[in-house]
file data.cif (mmCIF, N, CA and C atoms)
data_coords
#
loop_
_atom_site.label_atom_id
_atom_site.label_comp_id
_atom_site.auth_asym_id
_atom_site.auth_seq_id
_atom_site.Cartn_x
_atom_site.Cartn_y
_atom_site.Cartn_z
N MET C 25 -10.31 -21.16 60.41
CA MET C 25 -9.33 -21.54 59.42
C MET C 25 -9.72 -21.02 58.04
N LYS C 26 -11.03 -21.11 57.71
CA LYS C 26 -11.48 -20.63 56.41
C LYS C 26 -11.27 -19.12 56.30
N LYS C 27 -11.45 -18.40 57.40
CA LYS C 27 -11.24 -16.96 57.38
C LYS C 27 -9.77 -16.63 57.13
N PHE C 28 -8.89 -17.45 57.69
CA PHE C 28 -7.45 -17.24 57.51
C PHE C 28 -7.06 -17.42 56.04
N TYR C 29 -7.56 -18.48 55.38
CA TYR C 29 -7.27 -18.71 53.96
C TYR C 29 -7.88 -17.61 53.09
N LEU C 30 -9.07 -17.17 53.46
CA LEU C 30 -9.72 -16.10 52.72
C LEU C 30 -8.91 -14.81 52.85
N LEU C 31 -8.38 -14.53 54.02
CA LEU C 31 -7.56 -13.34 54.24
C LEU C 31 -6.27 -13.42 53.43
N ILE C 32 -5.64 -14.59 53.38
CA ILE C 32 -4.40 -14.77 52.60
C ILE C 32 -4.71 -14.62 51.11
N LEU C 33 -5.83 -15.17 50.67
CA LEU C 33 -6.21 -15.07 49.26
C LEU C 33 -6.46 -13.61 48.87
N MET C 34 -7.14 -12.85 49.72
CA MET C 34 -7.40 -11.43 49.44
C MET C 34 -6.09 -10.64 49.43
N PHE C 35 -5.19 -10.93 50.35
CA PHE C 35 -3.89 -10.25 50.38
C PHE C 35 -3.08 -10.56 49.13
N ALA C 36 -3.10 -11.80 48.68
CA ALA C 36 -2.35 -12.19 47.48
C ALA C 36 -2.92 -11.51 46.25
N CYS C 37 -4.24 -11.41 46.15
CA CYS C 37 -4.85 -10.74 45.00
C CYS C 37 -4.47 -9.26 44.96
N CYS C 38 -4.48 -8.61 46.12
CA CYS C 38 -4.10 -7.20 46.16
C CYS C 38 -2.63 -7.03 45.83
N PHE C 39 -1.79 -7.91 46.36
CA PHE C 39 -0.35 -7.81 46.14
C PHE C 39 0.00 -8.02 44.67
N PHE C 40 -0.55 -9.06 44.04
CA PHE C 40 -0.23 -9.34 42.64
C PHE C 40 -0.98 -8.42 41.68
N GLY C 41 -2.09 -7.87 42.11
CA GLY C 41 -2.86 -6.98 41.25
C GLY C 41 -2.19 -5.64 41.04
N TYR C 42 -1.39 -5.18 42.01
CA TYR C 42 -0.74 -3.89 41.90
C TYR C 42 0.73 -3.98 41.49
N SER C 43 1.23 -5.14 41.27
CA SER C 43 2.63 -5.26 40.86
C SER C 43 2.73 -4.97 39.36
N GLN C 44 3.74 -4.22 38.98
CA GLN C 44 3.96 -3.88 37.58
C GLN C 44 5.43 -4.02 37.27
N GLU C 45 5.68 -4.26 35.99
CA GLU C 45 7.07 -4.31 35.57
C GLU C 45 7.59 -2.89 35.41
N LYS C 46 8.84 -2.74 35.67
CA LYS C 46 9.46 -1.44 35.48
C LYS C 46 9.69 -1.24 33.99
N VAL C 47 9.20 -0.13 33.47
CA VAL C 47 9.35 0.16 32.05
C VAL C 47 10.70 0.81 31.84
N VAL C 48 11.50 0.21 30.98
CA VAL C 48 12.82 0.73 30.69
C VAL C 48 12.77 1.37 29.31
N LYS C 49 13.13 2.63 29.24
CA LYS C 49 13.15 3.30 27.96
C LYS C 49 14.44 2.95 27.24
N LYS C 50 14.27 2.50 26.00
CA LYS C 50 15.44 2.15 25.21
C LYS C 50 15.99 3.42 24.56
N GLN C 51 17.28 3.51 24.54
CA GLN C 51 17.91 4.65 23.90
C GLN C 51 17.83 4.47 22.40
N ARG C 52 17.35 5.47 21.72
CA ARG C 52 17.21 5.39 20.28
C ARG C 52 18.41 6.03 19.62
N TYR C 53 18.92 5.33 18.62
CA TYR C 53 20.06 5.84 17.88
C TYR C 53 19.59 6.36 16.53
N THR C 54 20.09 7.50 16.15
CA THR C 54 19.75 8.08 14.86
C THR C 54 20.59 7.43 13.79
N ASN C 55 19.94 7.05 12.70
CA ASN C 55 20.64 6.45 11.58
C ASN C 55 21.11 7.59 10.67
N TYR C 56 22.34 8.04 10.92
CA TYR C 56 22.86 9.18 10.17
C TYR C 56 23.12 8.83 8.71
N ARG C 57 23.42 7.57 8.43
CA ARG C 57 23.65 7.16 7.05
C ARG C 57 22.38 7.38 6.21
N ALA C 58 21.22 7.06 6.80
CA ALA C 58 19.96 7.26 6.09
C ALA C 58 19.68 8.74 5.86
N LEU C 59 20.12 9.58 6.78
CA LEU C 59 19.88 11.02 6.64
C LEU C 59 20.77 11.64 5.57
N LEU C 60 21.95 11.06 5.35
CA LEU C 60 22.90 11.65 4.42
C LEU C 60 22.76 11.16 2.99
N THR C 61 22.06 10.05 2.78
CA THR C 61 21.93 9.52 1.43
C THR C 61 20.91 10.33 0.64
N ARG C 62 21.12 10.38 -0.63
CA ARG C 62 20.20 11.10 -1.51
C ARG C 62 18.99 10.23 -1.79
N PRO C 63 17.82 10.85 -1.99
CA PRO C 63 16.64 10.05 -2.31
C PRO C 63 16.80 9.38 -3.66
N SER C 64 16.33 8.15 -3.76
CA SER C 64 16.42 7.42 -5.02
C SER C 64 15.37 7.92 -5.99
N LYS C 65 15.42 7.42 -7.20
CA LYS C 65 14.48 7.82 -8.25
C LYS C 65 13.04 7.48 -7.86
N ASP C 66 12.86 6.38 -7.11
CA ASP C 66 11.52 5.94 -6.73
C ASP C 66 10.89 6.83 -5.66
N THR C 67 11.70 7.52 -4.85
CA THR C 67 11.15 8.32 -3.77
C THR C 67 10.82 9.74 -4.19
N VAL C 68 11.28 10.17 -5.34
CA VAL C 68 10.98 11.51 -5.82
C VAL C 68 9.53 11.54 -6.30
N ALA C 69 8.81 12.55 -5.86
CA ALA C 69 7.39 12.65 -6.22
C ALA C 69 7.25 12.86 -7.72
N GLN C 70 6.34 12.11 -8.31
CA GLN C 70 6.09 12.23 -9.74
C GLN C 70 4.75 12.92 -9.95
N LYS C 71 4.63 13.56 -11.10
CA LYS C 71 3.39 14.25 -11.43
C LYS C 71 2.35 13.24 -11.90
N ASP C 72 1.08 13.57 -11.65
CA ASP C 72 -0.01 12.75 -12.18
C ASP C 72 -0.20 13.08 -13.66
N ILE C 73 -0.71 12.11 -14.39
CA ILE C 73 -1.01 12.32 -15.80
C ILE C 73 -2.25 13.21 -15.90
N GLU C 74 -2.14 14.22 -16.74
CA GLU C 74 -3.26 15.15 -16.89
C GLU C 74 -4.39 14.50 -17.70
N GLU C 75 -5.58 14.65 -17.21
CA GLU C 75 -6.81 14.20 -17.86
C GLU C 75 -6.76 12.72 -18.27
N LEU C 76 -6.36 11.85 -17.36
CA LEU C 76 -6.37 10.41 -17.62
C LEU C 76 -7.80 9.89 -17.51
N ARG C 77 -8.26 9.20 -18.56
CA ARG C 77 -9.60 8.63 -18.56
C ARG C 77 -9.52 7.17 -18.98
N LEU C 78 -10.18 6.30 -18.21
CA LEU C 78 -10.28 4.87 -18.51
C LEU C 78 -11.76 4.55 -18.72
N TYR C 79 -12.07 3.94 -19.83
CA TYR C 79 -13.46 3.50 -20.01
C TYR C 79 -13.51 2.37 -21.01
N PRO C 80 -14.46 1.50 -20.96
CA PRO C 80 -15.49 1.41 -19.93
C PRO C 80 -14.91 0.80 -18.65
N ASN C 81 -15.39 1.26 -17.54
CA ASN C 81 -14.97 0.71 -16.26
C ASN C 81 -16.22 0.52 -15.42
N PRO C 82 -16.74 -0.65 -15.26
CA PRO C 82 -16.13 -1.97 -15.38
C PRO C 82 -16.04 -2.45 -16.84
N VAL C 83 -14.99 -3.17 -17.13
CA VAL C 83 -14.73 -3.71 -18.45
C VAL C 83 -15.54 -4.99 -18.62
N THR C 84 -16.29 -5.06 -19.72
CA THR C 84 -17.12 -6.26 -19.95
C THR C 84 -16.71 -7.01 -21.21
N GLU C 85 -16.07 -6.34 -22.17
CA GLU C 85 -15.75 -6.98 -23.43
C GLU C 85 -14.27 -7.18 -23.67
N GLY C 86 -13.43 -7.04 -22.68
CA GLY C 86 -12.01 -7.35 -22.80
C GLY C 86 -11.13 -6.24 -23.32
N MET C 87 -11.68 -5.08 -23.64
CA MET C 87 -10.90 -3.95 -24.12
C MET C 87 -11.20 -2.73 -23.26
N VAL C 88 -10.15 -1.99 -22.91
CA VAL C 88 -10.32 -0.76 -22.15
C VAL C 88 -9.60 0.35 -22.92
N ALA C 89 -10.23 1.50 -23.02
CA ALA C 89 -9.65 2.66 -23.70
C ALA C 89 -8.99 3.55 -22.66
N ILE C 90 -7.76 3.97 -22.96
CA ILE C 90 -6.99 4.82 -22.06
C ILE C 90 -6.68 6.11 -22.80
N HIS C 91 -7.27 7.21 -22.35
CA HIS C 91 -7.07 8.51 -23.00
C HIS C 91 -6.34 9.44 -22.05
N THR C 92 -5.38 10.19 -22.60
CA THR C 92 -4.68 11.23 -21.86
C THR C 92 -4.68 12.49 -22.71
N GLN C 93 -4.25 13.57 -22.11
CA GLN C 93 -4.22 14.84 -22.84
C GLN C 93 -3.17 14.80 -23.95
N LYS C 94 -1.99 14.22 -23.69
CA LYS C 94 -0.91 14.21 -24.67
C LYS C 94 -0.99 13.02 -25.64
N ASN C 95 -1.61 11.92 -25.23
CA ASN C 95 -1.73 10.70 -26.03
C ASN C 95 -0.38 10.21 -26.56
N LEU C 96 0.61 10.14 -25.68
CA LEU C 96 1.93 9.61 -26.01
C LEU C 96 1.94 8.11 -25.70
N PRO C 97 2.98 7.37 -26.14
CA PRO C 97 3.07 5.95 -25.76
C PRO C 97 3.09 5.80 -24.23
N LYS C 98 2.42 4.75 -23.76
CA LYS C 98 2.25 4.55 -22.32
C LYS C 98 2.77 3.19 -21.91
N GLU C 99 3.33 3.13 -20.73
CA GLU C 99 3.71 1.84 -20.12
C GLU C 99 2.62 1.52 -19.10
N ILE C 100 2.04 0.33 -19.23
CA ILE C 100 0.90 -0.08 -18.39
C ILE C 100 1.32 -1.24 -17.50
N SER C 101 1.02 -1.14 -16.22
CA SER C 101 1.20 -2.25 -15.27
C SER C 101 -0.13 -2.46 -14.57
N ILE C 102 -0.56 -3.71 -14.48
CA ILE C 102 -1.81 -4.04 -13.80
C ILE C 102 -1.49 -4.98 -12.65
N TYR C 103 -2.00 -4.66 -11.47
CA TYR C 103 -1.76 -5.43 -10.25
C TYR C 103 -3.08 -5.96 -9.71
N ASP C 104 -3.04 -7.16 -9.11
CA ASP C 104 -4.23 -7.67 -8.45
C ASP C 104 -4.32 -7.07 -7.05
N VAL C 105 -5.35 -7.44 -6.29
CA VAL C 105 -5.55 -6.84 -4.97
C VAL C 105 -4.48 -7.24 -3.96
N LEU C 106 -3.74 -8.30 -4.25
CA LEU C 106 -2.65 -8.71 -3.36
C LEU C 106 -1.34 -8.01 -3.68
N GLY C 107 -1.32 -7.20 -4.75
CA GLY C 107 -0.13 -6.46 -5.12
C GLY C 107 0.76 -7.17 -6.12
N LYS C 108 0.33 -8.30 -6.62
CA LYS C 108 1.12 -9.05 -7.59
C LYS C 108 0.87 -8.49 -8.99
N GLU C 109 1.95 -8.25 -9.72
CA GLU C 109 1.80 -7.73 -11.08
C GLU C 109 1.32 -8.85 -11.99
N VAL C 110 0.18 -8.63 -12.64
CA VAL C 110 -0.40 -9.67 -13.50
C VAL C 110 -0.24 -9.34 -14.98
N LEU C 111 0.03 -8.08 -15.31
CA LEU C 111 0.19 -7.70 -16.71
C LEU C 111 1.08 -6.48 -16.80
N ARG C 112 2.05 -6.52 -17.71
CA ARG C 112 2.91 -5.36 -17.98
C ARG C 112 3.06 -5.27 -19.48
N THR C 113 2.77 -4.10 -20.04
CA THR C 113 2.86 -3.92 -21.48
C THR C 113 3.10 -2.46 -21.80
N ARG C 114 3.38 -2.22 -23.05
CA ARG C 114 3.57 -0.85 -23.55
C ARG C 114 2.65 -0.67 -24.74
N ILE C 115 1.86 0.40 -24.73
CA ILE C 115 0.93 0.64 -25.84
C ILE C 115 1.23 2.01 -26.44
N SER C 116 1.03 2.11 -27.75
CA SER C 116 1.20 3.39 -28.42
C SER C 116 -0.14 3.97 -28.82
N GLY C 117 -1.17 3.16 -28.85
CA GLY C 117 -2.52 3.62 -29.20
C GLY C 117 -3.31 3.97 -27.95
N ARG C 118 -4.61 3.78 -28.06
CA ARG C 118 -5.50 4.12 -26.95
C ARG C 118 -6.18 2.91 -26.31
N THR C 119 -6.08 1.73 -26.90
CA THR C 119 -6.81 0.59 -26.36
C THR C 119 -5.85 -0.45 -25.79
N LEU C 120 -6.32 -1.12 -24.75
CA LEU C 120 -5.56 -2.16 -24.08
C LEU C 120 -6.43 -3.41 -23.99
N ASN C 121 -5.89 -4.54 -24.40
CA ASN C 121 -6.61 -5.81 -24.35
C ASN C 121 -6.39 -6.44 -22.98
N VAL C 122 -7.47 -6.61 -22.20
CA VAL C 122 -7.39 -7.22 -20.88
C VAL C 122 -8.20 -8.51 -20.81
N SER C 123 -8.45 -9.11 -21.98
CA SER C 123 -9.28 -10.32 -22.02
C SER C 123 -8.57 -11.51 -21.36
N ALA C 124 -7.25 -11.46 -21.20
CA ALA C 124 -6.53 -12.56 -20.55
C ALA C 124 -6.69 -12.56 -19.03
N LEU C 125 -7.21 -11.47 -18.47
CA LEU C 125 -7.36 -11.37 -17.01
C LEU C 125 -8.71 -11.92 -16.56
N ASN C 126 -8.73 -12.53 -15.40
CA ASN C 126 -9.98 -13.03 -14.80
C ASN C 126 -10.82 -11.87 -14.27
N ALA C 127 -12.09 -12.12 -14.07
CA ALA C 127 -12.96 -11.11 -13.50
C ALA C 127 -12.49 -10.77 -12.09
N GLY C 128 -12.50 -9.49 -11.76
CA GLY C 128 -12.08 -9.07 -10.44
C GLY C 128 -11.72 -7.60 -10.41
N ILE C 129 -11.12 -7.19 -9.31
CA ILE C 129 -10.72 -5.80 -9.11
C ILE C 129 -9.20 -5.73 -9.22
N TYR C 130 -8.72 -4.77 -9.98
CA TYR C 130 -7.30 -4.60 -10.23
C TYR C 130 -6.92 -3.14 -10.05
N ILE C 131 -5.63 -2.90 -9.89
CA ILE C 131 -5.07 -1.55 -9.87
C ILE C 131 -4.26 -1.40 -11.15
N ILE C 132 -4.54 -0.35 -11.92
CA ILE C 132 -3.82 -0.11 -13.16
C ILE C 132 -2.93 1.12 -12.96
N LYS C 133 -1.66 0.96 -13.33
CA LYS C 133 -0.68 2.03 -13.22
C LYS C 133 -0.28 2.43 -14.63
N VAL C 134 -0.50 3.68 -14.98
CA VAL C 134 -0.21 4.19 -16.32
C VAL C 134 0.94 5.19 -16.20
N THR C 135 2.01 4.95 -16.98
CA THR C 135 3.16 5.85 -16.98
C THR C 135 3.33 6.41 -18.39
N GLU C 136 3.39 7.73 -18.46
CA GLU C 136 3.56 8.44 -19.73
C GLU C 136 4.69 9.45 -19.54
N ILE C 137 5.82 9.20 -20.14
CA ILE C 137 7.06 9.96 -19.98
C ILE C 137 7.44 9.97 -18.50
N ASN C 138 7.34 11.11 -17.79
CA ASN C 138 7.71 11.19 -16.38
C ASN C 138 6.50 11.30 -15.47
N SER C 139 5.33 11.09 -16.00
CA SER C 139 4.10 11.21 -15.21
C SER C 139 3.50 9.83 -15.00
N THR C 140 3.00 9.60 -13.79
CA THR C 140 2.40 8.31 -13.44
C THR C 140 1.09 8.53 -12.72
N SER C 141 0.11 7.71 -13.05
CA SER C 141 -1.18 7.73 -12.34
C SER C 141 -1.65 6.31 -12.12
N THR C 142 -2.40 6.11 -11.05
CA THR C 142 -2.99 4.81 -10.76
C THR C 142 -4.49 4.97 -10.62
N ARG C 143 -5.20 3.93 -11.06
CA ARG C 143 -6.66 3.91 -10.96
C ARG C 143 -7.12 2.49 -10.63
N LYS C 144 -8.34 2.40 -10.17
CA LYS C 144 -8.96 1.09 -9.93
C LYS C 144 -9.61 0.64 -11.22
N LEU C 145 -9.43 -0.64 -11.57
CA LEU C 145 -10.00 -1.21 -12.78
C LEU C 145 -10.80 -2.44 -12.40
N VAL C 146 -12.07 -2.47 -12.80
CA VAL C 146 -12.95 -3.60 -12.51
C VAL C 146 -13.20 -4.35 -13.80
N ILE C 147 -12.98 -5.67 -13.77
CA ILE C 147 -13.23 -6.50 -14.93
C ILE C 147 -14.34 -7.47 -14.58
N LYS C 148 -15.41 -7.47 -15.40
CA LYS C 148 -16.55 -8.36 -15.15
C LYS C 148 -16.53 -9.52 -16.11
#

call {"tool": "encode", "arguments": {"input": "data.cif", "output": "structure tokens"}}
result
Amino acid sequence: MKKFYLLILMFACCFFGYSQEKVVKKQRYTNYRALLTRPSKDTVAQKDIEELRLYPNPVTEGMVAIHTQKNLPKEISIYDVLGKEVLRTRISGRTLNVSALNAGIYIIKVTEINSTSTRKLVIK
């Protein structure tokens, strides 16, 4: 009797071990509306700012100097590591006050006319 149960158990393991679901390929539809629309302003590639320099990095005294080749007014956005914007400002000089931010790692986005660059900013 034990041999009979063992034989049934082995047969069941083989039977269920080789069974598979039939894979059905889904028909994919092309989104023609997406192909015909023009790219938005955000999707057009922008140039990097030439010779962008941030110092001191890491920031220890609450001020960071931002130098570019043209030194035009800049729009600054600073994001935390989760992607939340923590500071947005516009500067016409070269220094930015970041003393209101907590110590940590941030991403700084600098926009000057039609050029944009991003860098990592560490505040101690």

call {"tool": "atom_distance", "arguments": {"input": "data.cif", "atom1": "CA of Gln93 (chain C)", "atom2": "atom N of Glu75 (chain C)"}}
result
5.8 Å

call {"tool": "residues_around", "arguments": {"input": "data.cif", "residues": "Thr113 (chain C)", "least_positions_apart": "5", "cutoff": "6 Å", "atoms": "all atoms listed in the file", "output": "mmCIF file with N, CA and C atoms, keeping the file's coordinate frame"}}
result
data_model
loop_
_atom_site.group_PDB
_atom_site.id
_atom_site.type_symbol
_atom_site.label_atom_id
_atom_site.label_comp_id
_atom_site.auth_asym_id
_atom_site.auth_seq_id
_atom_site.Cartn_x
_atom_site.Cartn_y
_atom_site.Cartn_z
ATOM 1 N N LYS C 98 2.420 4.750 -23.760
ATOM 2 C CA LYS C 98 2.250 4.550 -22.320
ATOM 3 C C LYS C 98 2.770 3.190 -21.910
ATOM 4 N N GLU C 99 3.330 3.130 -20.730
ATOM 5 C CA GLU C 99 3.710 1.840 -20.120
ATOM 6 C C GLU C 99 2.620 1.520 -19.100
ATOM 7 N N ILE C 100 2.040 0.330 -19.230
ATOM 8 C CA ILE C 100 0.900 -0.080 -18.390
ATOM 9 C C ILE C 100 1.320 -1.240 -17.500
ATOM 10 N N SER C 101 1.020 -1.140 -16.220
ATOM 11 C CA SER C 101 1.200 -2.250 -15.270
ATOM 12 C C SER C 101 -0.130 -2.460 -14.570
#

call {"tool": "closest_residue", "arguments": {"input": "data.cif", "among": "C:Ala127, C:Ile73, C:Glu109, C:Lys148", "to": "Thr92 (chain C)", "atoms": "only N, CA and C atoms"}}
result
C:Ile73

call {"tool": "atom_distance", "arguments": {"input": "data.cif", "atom1": "atom C of Leu96 (chain C)", "atom2": "atom N of Ile132 (chain C)"}}
result
17.4 Å

call {"tool": "residues_near_point", "arguments": {"input": "data.cif", "point": "(-1.9, -14.1, -18.4)", "cutoff": "9 Å", "atoms": "only C-alpha atoms", "output": "ChimeraX atom specification"}}
result
/C:110-111,124-126

call {"tool": "residues_around", "arguments": {"input": "data.cif", "residues": "Ser141 (chain C)", "least_positions_apart": "6", "cutoff": "7 Å", "atoms": "only N, CA and C atoms", "output": "MDAnalysis selection string"}}
result
chainID C and resid 71:73 132:135

call {"tool": "closest_residue", "arguments": {"input": "data.cif", "among": "C:Ser116, C:Tyr103, C:His91, C:Leu76", "to": "Ile129 (chain C)", "atoms": "only C-alpha atoms"}}
result
C:Tyr103

call {"tool": "closest_residue", "arguments": {"input": "data.cif", "among": "C:Val105, C:Thr84, C:Ile32, C:Ala89", "to": "Val146 (chain C)", "atoms": "all atoms listed in the file"}}
result
C:Thr84

call {"tool": "atom_distance", "arguments": {"input": "data.cif", "atom1": "CA of Leu145 (chain C)", "atom2": "CA of Asn95 (chain C)"}}
result
19.6 Å

call {"tool": "closest_residue", "arguments": {"input": "data.cif", "among": "C:Ile90, C:Glu136, C:Ile131, C:Asp104", "to": "Arg77 (chain C)", "atoms": "only N, CA and C atoms"}}
result
C:Ile90
